[in-house]
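I have placed the structure first, in the form of structure tokens, so that the comments after it can refer back to it.
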Amino acid sequence: MTGCLIVGYFMSEIRVRFAPSPTGYLHVGGARSALFNYLYAKRNGGKFILRIEDTDQERSTEESLKMMVADLKWLGLNWDEGPNPETLKDMGPYGPYKQSERLKNYKAAAEKLLADGKAYYCFMTDEELEAAREKVKADGHQGHVESPWENGTVADALKKIAAGEKAVVRFKTRQLRKDYILKDLIRGEVKFPSDMIGDFVLLRSDGMPVYNFCCVVDDYEMKISHVLRAEEHLPNTLRQLMIYEGMGWKTPEFGHISLILDDDRQKLSKRKGAVACDQFMKDGYLPEAMNNYLALLGWSHPEQKEIMPMQEMVDNFSLDRVHAAGAVFDRVKLKWVNAQHLRALPNADIYKLISPFLKNAGLNLPTDLNWQMQSVEIFKPYMEILTDAVTLYTPLDDSKYEIFAESDEALAWPSSKAVLEAWKECVTAHAGETFTEADFLRIQDEVKNKSGQKGKNLFFPIRIALIGKPHGAELKILVPLMNKTSILKRAEKALAKVK
RNA sequence: GUUCCCAUCGUCUAGUGGCCUAGGACACCUCCCUUUCACGGAGGAUACAGGGGUUCAAAUCCCCUUGGGAACGCCA
């Protein structure tokens with residue numbers, strides 16, 4: 001008895017998968033599906049499998065596969081089985097993990113269905129199909145195309161094919177008229193009337209299988225226990241249920257996650273801004289922030305925590321906390337989440353993260369470690385994403401110093417000229433090449449006395465002469481990051497502007 | 001058009017029949033900190049789509065309406 005229970009326990013190992021088709025970049029919606037699968041697997045001590053759905057030969061590319069793998073790696077959603085993240089060679093006992101290499105499996109399954117009379121060869125041409133669809137539509141009824149080949153024998157069909165005719169294999173739905181009930185883990189009971197679909201294609205005329213078919217064969221053969229995927233697949237589930245039934249296979253559990261929406265509540269699309277994971281990477285988002293934000297789109301921490309590391313999400317993830325309604329992708333909040341993660345990092349880590357962006361922008365900055373740490377300390381509160389560092393550090397590179405339009409107003413004040421002149425004089429009079437905070441404070445006092453200005457009138461022109469903008473970090477901590485030569489050069493430029 | 005899914009502040013959500021005159025977060029507004037801005041802190045405004053039931057009691061359960069979305073391919 002106990003033995004049976006143990007066997008039962010092992011039989012029910014949690015195995016989930018993310019199954020993208022390599023026809024482009026990894027979309028944030030896909031990333032979230034992958035994340036939920038990953039979290040569910042990790043939470044339950046299960047396996048997370050990556051399967052590549054590349055049966056659409058027209059659109060699938062090796063390039064895209066590499067991009068997806070890279071994005072998933074960036075997010076840290078490491079898979080236990082699937083293409084090796086480095087070599088792309090299969091790893092795991094249930095391969096191949098690319099559908100294009102599993103053709104014989106689908107063929108075998110199709111042959112069984114054909115032999116059992118649950119599928120048939122259909123020779124309808126595109127034109128015939130189109131005409132049939134038109135007719136059905138004209139009748140006003142929802143119906144579906146009925147194929148005249150439904151009752152043909154396999155032997156006859158094979159003869160025609162041998163003679164060079166093209167045929168698809170269709171699944172026979174006519175005798176299956178009943179309601180199919182799906183117990184969705186997220187949505188509860190979903191009832192599909194079987195007549196919502198007609199005889200659908202299993203194998204294309206070129207022999208390539210179609211999504212709904214491979215999906216079932218693979219999920220079964222790869223022993224997938226839970227299928228967690230986007231809501232757009234919900235109607236597909238009926239076809240899949242029929243195939244499971246036809247094959248006599250046990251169905252896995254299903255859970256359909258809501259869609260990610262644009263602010264106009266349509267399915268998130270490229271037209272509204274970045275949706276590709278790698279774009280977020282290039283814009284300077286942190287993978288941990290991405291995961292954190294994506295998790296919050298539909299799932300919530302039991303204690304309502306918002307900012308958390310991956311491990312905390314893993315420890316608290318459960319499907320019953322997944323919301324069934326669609327969620328609007330809010331870039332503003334994503335930025336905020338990113339800022340929280342970023343600012344929590346040690347300064348040294350932050351500098352390491354921003355360096356490639358600074359370098360990429362062609363900035364020439366001090367290599368002194370102290371300088372770097374100090375600068376991060378100053379700029380950190382101004383950074384939300386890594387690319388913000390570029391704007392922040394640019395004024396620190398002499399060759400890039402420029403006076404921004406937002407400075408115009410302050411420079412036009414009648415008092416600004418005197419302040420700038422006094423500033424230049426006092427800096428020139430300063431003995432060393434660098435400044436301490438105390439040095440600056442002393443100089444600032446001198447400028448104040450000389451120009452007779454204080455408050456905004458005093459600080460705005462000086463700040464503009466330092467970073468090209470009237471607003472930003474505190475001067476007394478900013479100045480020690482600069483040297484005399486460079487400060488004077490800038491003062492000149494600012495002065496030139498007021499003359 | 002048909003089928004299915006969904007419905008709490010502008011947005012993400014908490015809420016599983018009484019603890020809800022509905023809580024948190026982002027955004028917004030005010031104030032404090034600060035000779036600027038940001039960060040940080042304290043407050044504020046803002047929501048149960050509508051209508052019927054069920055119940056002593058409904059944001060929570062049921063039905064209808066409305067609204068939104070998705071799917072209806074030899075795409076996935």
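Just remember, in the structure tokens the first chain shown is A, the second B, etc., residues are 1-based per chain, and ligands are 1-based in the order shown.
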Check which residues of chain B sit at most 6 Å from chain A using only C-alpha atoms (C1' of nucleotides), and return one row each with the closest pair of atoms and their distance in Å to one decimal, ordered by chain and rising number, as CSV.
```
residue,atom,partner,partner_atom,distance
B:U2,C1',A:Gln142,CA,4.8
B:U3,C1',A:Met196,CA,5.8
B:C6,C1',A:Ala325,CA,5.2
B:C26,C1',A:Lys333,CA,5.0
B:U35,C1',A:Gly455,CA,4.5
B:U36,C1',A:His471,CA,5.4
B:C37,C1',A:His471,CA,4.6
B:A38,C1',A:Tyr382,CA,5.6
B:C39,C1',A:Pro381,CA,5.0
B:A70,C1',A:Glu232,CA,5.5
B:A71,C1',A:Pro235,CA,5.7
B:C74,C1',A:Arg204,CA,4.6
```
| request: Pull the helix (DSSP H, G or I) assignments for stretch 81-292 of chain A out of DSSP run on the backbone, and list those residues as a ChimeraX atom specification. | output: /A:99-101,103-115,126-138,154-162,174-176,194-196,211-221,231-233,236-247,270-272,277-282,287-292
| remark: Taken to one decimal, the atom CA of A:Val16-atom CA of A:Ile224 distance is 5.6 Å
| task | Can you work out the spacing between atom CA of A:Glu221 and atom CA of A:Gly95 in Å, to one decimal? | result |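 These two atoms are separated by 9.3 Å.
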Give one line per residue of stretch 416-447 of chain A that approaches stretch 477-488 of chain A to at most 7 Å, naming the two atoms of the closest pair and their distance in Å to one decimal, counting only C-alpha atoms; sort by chain then ascending residue number and deliver it as a Markdown table.
```
| residue | atom | partner | partner_atom | distance |
| --- | --- | --- | --- | --- |
| A:Lys424 | CA | A:Leu488 | CA | 6.4 |
| A:Glu433 | CA | A:Lys484 | CA | 5.0 |
| A:Thr434 | CA | A:Asn483 | CA | 4.8 |
| A:Phe435 | CA | A:Pro480 | CA | 5.0 |
| A:Thr436 | CA | A:Pro480 | CA | 5.4 |
| A:Glu437 | CA | A:Pro480 | CA | 6.3 |
```
| request: Name the residues of stretch 107-316 of chain A that fall into strand (DSSP E) according to DSSP on the backbone, using the chain letters and numbers of this document, as a VMD selection string. | output: chain A and resid 119 to 122 168 to 171 179 to 184 188 to 193 201 to 203 226 to 230 253 to 257 260 to 261
| said: Please list as a list in words every residue within 7 Å of A:Val314, counting only C-alpha atoms (C1' of nucleotides) and excluding residues in the same chain fewer than 3 positions away. | reply: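 Returned residues: Leu39, Lys42, Arg43, Met310, Gln311 and Phe317 of chain A.
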| Quick one: residues within 12 Å of B:U46, only C-alpha atoms (C1' of nucleotides) counted, chain neighbours fewer than 3 positions away excluded, as a count of residues only? | 5
| query | Near stretch 344-350 of chain A, counting only C-alpha atoms (C1' of nucleotides), which residues have an atom at most 7 Å away, once you skip same-chain residues fewer than 3 positions from it, shown as a list in words? | reply | Gln340, His341, Leu353, Ile354, Met373, Val376 and Glu377 of chain A
| message | Using only C-alpha atoms (C1' of nucleotides), which protein or nucleic acid residues come within 7 Å of stretch 272-287 of chain A? Drop anything in the same chain fewer than 5 positions from it, and give the result as number ranges by chain. | response | A: 25-28, 71, 74-75, 338, 385-387
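Neighbouring residues of A:Leu241 at 8 Å or closer, counting only C-alpha atoms (C1' of nucleotides) and skipping chain neighbours under 4 positions away, are Tyr180, Thr237, Glu245 and Thr251 of chain A.
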| task | Select, from A:Lys66, A:Pro148, A:Lys499, A:Lys489, the residue with the minimum atom-to-atom distance to A:Ser399, counting only C-alpha atoms. | result |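 Checking each of A:Lys66, A:Pro148, A:Lys499, A:Lys489 against A:Ser399, counting only C-alpha atoms, the winner is A:Lys489.
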| Which one of A:Ala31, A:Ile186, A:Val69, A:Ala131 sits closest to A:Met290 if you count only C-alpha atoms? |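 For A:Met290, the nearest of the given residues is A:Ala31.
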| field | Among the residues A:Pro356, A:Pro83, A:Gly468, A:Gly30, the one that comes closest to A:Glu402 [using only C-alpha atoms] | value | A:Gly468
